[in-house]
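**Student:** Structure below; questions to follow.
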Amino acid sequence: MLIKLLNTLLMVVVALSITGVINRTRALLAGRRGTRFLQHIYNVRLLLRKGSVYSTTTTALFRIAPCVYLGAALMAFLFIPIANLEPLLSFHGDIILVAYLLAFSRLALILAAMDTGSSFEGMGAAREALYGALVEPALMIGLATLALFCGDSSFAEIFSEGQVLDVNLTIVLLLVAYIFVIIMFIEGGRVPVDDPKTHLELTMIHEVMCLDYSGIDLAMIQMAGWLKNAIFAIIAANAVSAVFCFHWGFAAPLAILGAGISVGVVESLRARNKLSRNITYILTLSALSALVLLVGFLLMQDIQI
Amino acid sequence: MEMFYVTNNTASAVAIADIPVVDYVALYNDLKERMNDPRYHVGHYFATEVENGLRFYMILLDDQTGEVLITSFVPDYYAEGLASLTAVHQQFHPFEREIFELYGVPFDNHPWLKPLRFSHDRRDKTSTMDSYPFYVIEGEELHEVNVGPIHAGIIEPGAFRFICDGEQVLHLEIALGYQHRGVESEMIRNGNRLRQTLIAESIAGDTAVGHTTAYAELVEKLAGKDIGDDLKRERLVAIELERIAMHLADTGALATDIGFQLYQVACEALRTVTINTTQAWCGNRFGKSLIRPLGSNFPLTEAKIETIRTNMADVRRRYNEVREDILEAQTLLARFEQCGLVSKDEMQRIGGVGQVARASGLKRDLRATHPSGFYAEEFSHEPILRTDGDVMSRLATRMDEVLQSIDYIHQVLANYKPSTTIEAPDYDASLMPEALSFSLVEGWRGEICHVALTDKEGAIAKYKVKDPSVHNWLGLAIAVRSEGISDFPINNKSFNLSYCGHDL
């Protein structure tokens, strides 16, 4: 039980820290001092103290959506272990549940965005639905690859100490980690797919869906974003640590630094994709994950290529 | 009788009596043919109230000879209407729309006779922004997206109505007028020329030097005085500094809009150096108070010349590195190349001016074709042209013009010693009575044209302002056609047009 609590606590630390590392990396690369490391948390605390304003065109759906969004993300969050620790919740086949909880949270936000009747938000919802559908194969195949190696379909079993991995699988695991980092970019609405810093509604994807939210609702959406980032960052970090050092003391800092620095560096040193290019970008990721699954499978069968 | 009074941009003001009054039908037929030649474009076209009706003035620019053609006509009060020139040459559209809005003159067959800026003295007070007749396309598959009038970055207001098929823009209509302050009527409220100068500085905050130079040159032509080479030289430095600062800002802003932090911060830093140089010169970062009619309050001193030269050398070195990096940044090129195309023919058709016209291969640059001030002295300017007409061309012309402008500053300040001939500004010089005076200045955005008419006492009785944005807004609407709607912001930024300069 203590291990489970430690796991959850560490997960929360990871979730809270990644945004701080991103902001710090961006600031350093821009030659600025940057805000405090915990500034994003103070911002959310401020939002939590504020009331919400609702447009008269919206219905109850709009008000429920942030709770659903955060609730689903939190639920998924509790299934993830950090390396050799155990998650709070676990059962056979929970990877499917996690994938669908994430999809469900997305659905809630899409419906809420359409509920506002704003042409901006409708556009954002359409984009989110498209990219969400496209990224799902990458996510599922990536999870399937992990499941393949240990013949189990729960996160707790996949990342458990008893697993001895063939050295041949190193490259496959590193590629899986790469895939999950990119999925984090996409799900987290970061460059090159989206740009969380932009003020231009016409170019937004995730941000534009939240335009009508304020106060506590906005805070919930932002917190859910942290949780989602943490989920993908930790899966990626677990895959890497399975190769090098399967211990939470290695995986947790790796998740924070790896995710934070990679997002910060990418956002500083490249431009966003043209929106229509995102489709190819995400499909390429799905293709890569299919390829990784195939290679992993062949290696598992000891088939020499 | 001659159709036009022919003059140029360095001659003094024109007596109104010398401007021919022609028959509109004859003028229409002449222009119908004449404007097919790309060397001509309309500089200004407006109407003013005279006894028993309206007198229309038109100023045409001939890019080949540097001539300025002025004509006027007085239609019969009871005439049915005027045949629309816009119907044959679309570059007349903002001018005819303005005349229609102010005086209710119906232009027959005008394809787009909509209000221009909802000025307070418009003829039809029932025409308001809320009743602006937006273009509509019917269709189940299409949807409208309205952006504005409040800008996401709260810069200036303007309403953008997109008609989209999914992500693709079929049509964009831009409705402006939210910024109208009554500049033209304020300019003639009283004869206080210091007040007029300050208003000219505020026509467009980002073109303070450009518009004030236009005002000053106009007054100097009316006063019939030559201001001397030294002051002309210092004005050239001022206007090029403004050009450098704004092009730097736009380079950075374009990087911001594609989420490219590195070039954003690099350009912001360089812009700060540049506007701080202007501040060191005159106390204001945007060059307000720097340009005054018939003199200057801030003649360059030895120390200021040195500051400008060192800072500009530094900016040039650092910006050139950024520029070379940008030209090789693949993710940036993937966004900017082949995006927002406006062909040369299209630019020509809508009467595009300035740096965006040059990015489409249209050689419109008053510094070369209609030079005034120091540009008209022993100075030769070769406009920077690009032919692609996409966002990248507009960025590339900006980047090259920065380097060119810095070189010009070094060129005119080389061996320059602080002047002893620059006088204090003169706000009371007597002006030529019953005259028309115009000024044409190449601001950083393009062609600025101010026109004034004086009365019997030599007081300015009519003042007309034209910011280059008036021509170029339509270019933006054309650029985004068939582009993805998410590429609108980078197109908008690559044009970077003025709302208040248009709305006055």
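Going through the structure tokens in order, the chains are called A, B, and so on, while each chain numbers its residues from 1 and the ligands are numbered from 1 in the order shown.
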Just the residues within 10 Å of His206 of chain A, please, counting only C-alpha atoms, with nothing from its chain fewer than 2 positions along; format it as a list in words.
**Tutor:**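 Returned residues: Arg106, Leu109, Ile110, Glu121, Gly124, Ala125, Arg127, Glu128, Ile186, Glu187, Gly188, Gly189, Arg190, Asp194, Asp195, Pro196, Thr203, Met204, Val208, Met209, Cys210 and Leu211 of chain A.
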**Student:** Those residues with C-alpha atoms, as a compact mmCIF listing (two decimals), in the first residue's frame please?
**Tutor:**
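As written to disk, result_12.txt reads:
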# COMPACT_ATOMS: atom_id res chain seq x y z
CA ARG A 106 -11.42 14.42 -25.30
CA LEU A 109 -14.26 18.79 -24.29
CA ILE A 110 -15.21 18.53 -27.96
CA GLU A 121 -14.67 26.62 -31.02
CA GLY A 124 -11.14 23.79 -32.83
CA ALA A 125 -13.41 20.87 -32.00
CA ARG A 127 -9.48 19.77 -35.53
CA GLU A 128 -9.24 18.08 -32.15
CA ILE A 186 0.19 16.00 -29.77
CA GLU A 187 -2.11 15.35 -26.81
CA GLY A 188 -0.59 18.20 -24.86
CA GLY A 189 -1.18 20.62 -27.73
CA ARG A 190 2.47 21.57 -28.07
CA ASP A 194 -0.38 23.09 -31.77
CA ASP A 195 0.99 26.17 -30.03
CA PRO A 196 -0.19 26.81 -26.49
CA THR A 203 -4.53 28.67 -35.58
CA MET A 204 -5.41 27.09 -32.23
CA VAL A 208 -9.58 27.52 -28.79
CA MET A 209 -11.85 24.87 -27.28
CA CYS A 210 -11.26 26.37 -23.86
CA LEU A 211 -11.85 29.99 -24.86
**Student:** Pull out every residue of chain B sitting within 6 Å of chain A, counting only C-alpha atoms, and send them as a PyMOL selection string.
**Tutor:** chain B and resi 145+258-262+331-332+335+486
**Student:** Tell me which protein, DNA and RNA residues are within 7 Å of segment 156-169 of chain B, counting only C-alpha atoms, leaving out same-chain ones fewer than 4 positions away, and put them as a PDB file with N, CA and C atoms, in the first residue's frame.
**Tutor:**
ATOM      1  N   GLU B 141     -22.660  23.380 -47.136  1.00  0.00           N
ATOM      2  CA  GLU B 141     -21.339  22.907 -46.748  1.00  0.00           C
ATOM      3  C   GLU B 141     -20.462  24.037 -46.212  1.00  0.00           C
ATOM      4  N   LEU B 142     -20.874  25.260 -46.454  1.00  0.00           N
ATOM      5  CA  LEU B 142     -19.998  26.385 -46.106  1.00  0.00           C
ATOM      6  C   LEU B 142     -20.321  26.894 -44.724  1.00  0.00           C
ATOM      7  N   HIS B 143     -19.336  27.489 -44.103  1.00  0.00           N
ATOM      8  CA  HIS B 143     -19.620  28.145 -42.831  1.00  0.00           C
ATOM      9  C   HIS B 143     -18.882  29.469 -42.762  1.00  0.00           C
ATOM     10  N   GLU B 144     -19.451  30.364 -41.993  1.00  0.00           N
ATOM     11  CA  GLU B 144     -18.841  31.682 -41.842  1.00  0.00           C
ATOM     12  C   GLU B 144     -18.092  31.742 -40.527  1.00  0.00           C
ATOM     13  N   VAL B 145     -16.941  32.358 -40.570  1.00  0.00           N
ATOM     14  CA  VAL B 145     -16.195  32.594 -39.338  1.00  0.00           C
ATOM     15  C   VAL B 145     -15.984  34.094 -39.243  1.00  0.00           C
ATOM     16  N   ASN B 146     -16.422  34.669 -38.147  1.00  0.00           N
ATOM     17  CA  ASN B 146     -16.217  36.093 -37.972  1.00  0.00           C
ATOM     18  C   ASN B 146     -15.113  36.313 -36.949  1.00  0.00           C
ATOM     19  N   VAL B 147     -14.106  37.078 -37.343  1.00  0.00           N
ATOM     20  CA  VAL B 147     -13.020  37.400 -36.423  1.00  0.00           C
ATOM     21  C   VAL B 147     -13.084  38.895 -36.160  1.00  0.00           C
ATOM     22  N   GLY B 148     -13.024  39.273 -34.929  1.00  0.00           N
ATOM     23  CA  GLY B 148     -13.067  40.687 -34.606  1.00  0.00           C
ATOM     24  C   GLY B 148     -14.478  41.145 -34.345  1.00  0.00           C
ATOM     25  N   PRO B 149     -14.743  42.439 -34.223  1.00  0.00           N
ATOM     26  CA  PRO B 149     -13.794  43.536 -34.395  1.00  0.00           C
ATOM     27  C   PRO B 149     -12.738  43.662 -33.291  1.00  0.00           C
ATOM     28  N   ILE B 150     -12.893  42.984 -32.193  1.00  0.00           N
ATOM     29  CA  ILE B 150     -11.845  43.103 -31.182  1.00  0.00           C
ATOM     30  C   ILE B 150     -10.747  42.107 -31.509  1.00  0.00           C
ATOM     31  N   HIS B 151      -9.551  42.617 -31.663  1.00  0.00           N
ATOM     32  CA  HIS B 151      -8.419  41.792 -32.066  1.00  0.00           C
ATOM     33  C   HIS B 151      -7.968  40.928 -30.898  1.00  0.00           C
ATOM     34  N   GLU B 173     -13.793  38.999 -46.294  1.00  0.00           N
ATOM     35  CA  GLU B 173     -14.154  40.399 -46.421  1.00  0.00           C
ATOM     36  C   GLU B 173     -13.701  41.132 -45.167  1.00  0.00           C
ATOM     37  N   ILE B 174     -13.052  42.260 -45.381  1.00  0.00           N
ATOM     38  CA  ILE B 174     -12.502  43.017 -44.256  1.00  0.00           C
ATOM     39  C   ILE B 174     -13.303  44.305 -44.113  1.00  0.00           C
ATOM     40  N   ALA B 175     -13.957  44.483 -42.989  1.00  0.00           N
ATOM     41  CA  ALA B 175     -14.735  45.702 -42.752  1.00  0.00           C
ATOM     42  C   ALA B 175     -14.013  46.539 -41.703  1.00  0.00           C
ATOM     43  N   LEU B 176     -13.624  47.738 -42.106  1.00  0.00           N
ATOM     44  CA  LEU B 176     -12.887  48.607 -41.187  1.00  0.00           C
ATOM     45  C   LEU B 176     -13.717  49.844 -40.877  1.00  0.00           C
ATOM     46  N   TYR B 178     -13.659  51.096 -37.464  1.00  0.00           N
ATOM     47  CA  TYR B 178     -13.849  51.158 -36.011  1.00  0.00           C
ATOM     48  C   TYR B 178     -12.928  52.161 -35.332  1.00  0.00           C
ATOM     49  N   GLN B 179     -11.889  52.578 -36.070  1.00  0.00           N
ATOM     50  CA  GLN B 179     -10.881  53.445 -35.467  1.00  0.00           C
ATOM     51  C   GLN B 179     -11.067  54.903 -35.874  1.00  0.00           C
ATOM     52  N   VAL B 480      -5.359  35.402 -48.972  1.00  0.00           N
ATOM     53  CA  VAL B 480      -5.805  34.239 -48.188  1.00  0.00           C
ATOM     54  C   VAL B 480      -6.836  33.386 -48.914  1.00  0.00           C
ATOM     55  N   ARG B 481      -7.268  33.825 -50.084  1.00  0.00           N
ATOM     56  CA  ARG B 481      -8.216  32.998 -50.825  1.00  0.00           C
ATOM     57  C   ARG B 481      -7.615  31.633 -51.102  1.00  0.00           C
ATOM     58  N   SER B 482      -8.376  30.601 -50.800  1.00  0.00           N
ATOM     59  CA  SER B 482      -8.000  29.201 -51.011  1.00  0.00           C
ATOM     60  C   SER B 482      -6.858  28.748 -50.101  1.00  0.00           C
ATOM     61  N   GLU B 483      -6.405  29.605 -49.206  1.00  0.00           N
ATOM     62  CA  GLU B 483      -5.465  29.142 -48.187  1.00  0.00           C
ATOM     63  C   GLU B 483      -6.252  28.538 -47.029  1.00  0.00           C
ATOM     64  N   GLY B 484      -5.547  27.814 -46.167  1.00  0.00           N
ATOM     65  CA  GLY B 484      -6.185  27.350 -44.941  1.00  0.00           C
ATOM     66  C   GLY B 484      -6.442  28.543 -44.044  1.00  0.00           C
ATOM     67  N   ILE B 485      -7.540  28.501 -43.313  1.00  0.00           N
ATOM     68  CA  ILE B 485      -7.879  29.646 -42.468  1.00  0.00           C
ATOM     69  C   ILE B 485      -6.832  29.828 -41.362  1.00  0.00           C
ATOM     70  N   TYR B 499      -4.760  49.807 -39.347  1.00  0.00           N
ATOM     71  CA  TYR B 499      -6.199  50.012 -39.197  1.00  0.00           C
ATOM     72  C   TYR B 499      -6.481  51.505 -39.080  1.00  0.00           C
TER      73      TYR B 499
END
**Student:** Taking the DSSP secondary structure from the backbone, can you list the residues of segment 288-492 of chain B that are strand (DSSP E), as number ranges by chain?
**Tutor:** B: 435-442, 447-454, 460-466
**Student:** Compare B:Arg445, B:Lys225, B:Arg316, B:Arg189 by their minimum atom-to-atom distance to Val470 of chain B, counting only C-alpha atoms, and give me the closest one.
**Tutor:**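 Closest to Val470 of chain B, using only C-alpha atoms: B:Arg445.
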**Student:** From a DSSP calculation on the backbone, collect every residue of segment 233-274 of chain A in alpha helix (DSSP H) and output the set as a ChimeraX atom specification.
**Tutor:** /A:233-243,248-269
**Student:** Keeping only N, CA and C atoms, take the residues you just selected and write them out as a short mmCIF file (atom, residue, chain, number, x, y, z; two decimals), in the first residue's frame.
**Tutor:**
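Dumped to part.cif:
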data_model
loop_
_atom_site.label_atom_id
_atom_site.label_comp_id
_atom_site.auth_asym_id
_atom_site.auth_seq_id
_atom_site.Cartn_x
_atom_site.Cartn_y
_atom_site.Cartn_z
N ALA A 233 4.51 11.02 -20.41
CA ALA A 233 5.92 11.19 -20.06
C ALA A 233 6.40 9.98 -19.26
N ILE A 234 5.55 9.49 -18.36
CA ILE A 234 6.00 8.38 -17.52
C ILE A 234 6.05 7.07 -18.30
N ILE A 235 5.10 6.87 -19.20
CA ILE A 235 5.16 5.65 -20.02
C ILE A 235 6.46 5.65 -20.82
N ALA A 236 6.79 6.83 -21.40
CA ALA A 236 8.03 6.92 -22.17
C ALA A 236 9.23 6.67 -21.27
N ALA A 237 9.22 7.30 -20.09
CA ALA A 237 10.36 7.15 -19.18
C ALA A 237 10.48 5.71 -18.71
N ASN A 238 9.35 5.05 -18.48
CA ASN A 238 9.40 3.65 -18.08
C ASN A 238 10.05 2.78 -19.15
N ALA A 239 9.70 3.05 -20.39
CA ALA A 239 10.26 2.26 -21.49
C ALA A 239 11.77 2.43 -21.54
N VAL A 240 12.23 3.68 -21.32
CA VAL A 240 13.67 3.93 -21.34
C VAL A 240 14.34 3.26 -20.14
N SER A 241 13.70 3.39 -18.98
CA SER A 241 14.35 2.84 -17.79
C SER A 241 14.33 1.31 -17.81
N ALA A 242 13.40 0.71 -18.55
CA ALA A 242 13.42 -0.74 -18.68
C ALA A 242 14.70 -1.20 -19.35
N VAL A 243 15.27 -0.32 -20.15
CA VAL A 243 16.50 -0.66 -20.84
C VAL A 243 17.70 -0.44 -19.92
N TRP A 248 12.36 3.52 -9.86
CA TRP A 248 11.59 4.77 -9.89
C TRP A 248 12.48 5.99 -9.68
N GLY A 249 13.58 5.79 -8.96
CA GLY A 249 14.49 6.92 -8.73
C GLY A 249 15.15 7.38 -10.02
N PHE A 250 15.13 6.53 -11.03
CA PHE A 250 15.66 6.92 -12.33
C PHE A 250 14.53 7.40 -13.24
N ALA A 251 13.42 6.66 -13.19
CA ALA A 251 12.34 6.94 -14.14
C ALA A 251 11.64 8.27 -13.86
N ALA A 252 11.41 8.58 -12.59
CA ALA A 252 10.64 9.81 -12.29
C ALA A 252 11.38 11.08 -12.73
N PRO A 253 12.66 11.25 -12.34
CA PRO A 253 13.36 12.45 -12.83
C PRO A 253 13.47 12.46 -14.34
N LEU A 254 13.64 11.25 -14.91
CA LEU A 254 13.76 11.18 -16.37
C LEU A 254 12.48 11.68 -17.03
N ALA A 255 11.34 11.31 -16.46
CA ALA A 255 10.05 11.76 -17.02
C ALA A 255 9.96 13.28 -16.98
N ILE A 256 10.35 13.84 -15.83
CA ILE A 256 10.25 15.30 -15.69
C ILE A 256 11.18 16.00 -16.66
N LEU A 257 12.45 15.60 -16.61
CA LEU A 257 13.44 16.31 -17.41
C LEU A 257 13.27 16.00 -18.89
N GLY A 258 13.09 14.73 -19.20
CA GLY A 258 12.98 14.34 -20.60
C GLY A 258 11.81 15.05 -21.27
N ALA A 259 10.65 14.98 -20.64
CA ALA A 259 9.47 15.60 -21.24
C ALA A 259 9.63 17.11 -21.28
N GLY A 260 10.02 17.70 -20.16
CA GLY A 260 10.11 19.16 -20.08
C GLY A 260 11.11 19.73 -21.06
N ILE A 261 12.31 19.15 -21.06
CA ILE A 261 13.35 19.72 -21.92
C ILE A 261 13.02 19.49 -23.39
N SER A 262 12.50 18.29 -23.73
CA SER A 262 12.23 18.06 -25.16
C SER A 262 11.16 19.03 -25.66
N VAL A 263 10.11 19.24 -24.88
CA VAL A 263 9.08 20.20 -25.32
C VAL A 263 9.68 21.61 -25.43
N GLY A 264 10.43 22.00 -24.42
CA GLY A 264 11.01 23.35 -24.41
C GLY A 264 11.94 23.58 -25.59
N VAL A 265 12.77 22.58 -25.88
CA VAL A 265 13.73 22.74 -26.98
C VAL A 265 12.99 22.80 -28.31
N VAL A 266 12.04 21.89 -28.51
CA VAL A 266 11.31 21.87 -29.78
C VAL A 266 10.57 23.19 -29.97
N GLU A 267 9.96 23.70 -28.91
CA GLU A 267 9.19 24.94 -29.06
C GLU A 267 10.08 26.14 -29.34
N SER A 268 11.32 26.06 -28.94
CA SER A 268 12.21 27.20 -29.19
C SER A 268 12.82 27.14 -30.57
N LEU A 269 13.08 25.94 -31.05
CA LEU A 269 13.97 25.82 -32.20
C LEU A 269 13.28 25.41 -33.50
#
**Student:** With distances taken over only C-alpha atoms, which residue among A:Ala156, A:Met220, A:Met184, A:Cys67 lies nearest Ile82 of chain A?
**Tutor:**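 Closest to Ile82 of chain A of all the choices is A:Ala156.
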**Student:** What is the atom CA of His471 of chain B to atom CA of Asp130 of chain B distance in Å?
**Tutor:**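 Interatomic distance, atom CA of His471 of chain B to atom CA of Asp130 of chain B: 23.9 Å.
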**Student:** What lies within 8 Å of Gly351 of chain B using only C-alpha atoms, ignoring chain neighbours under 6 positions off, as a PyMOL selection string?
**Tutor:** chain B and resi 41-42+90-92+471-472
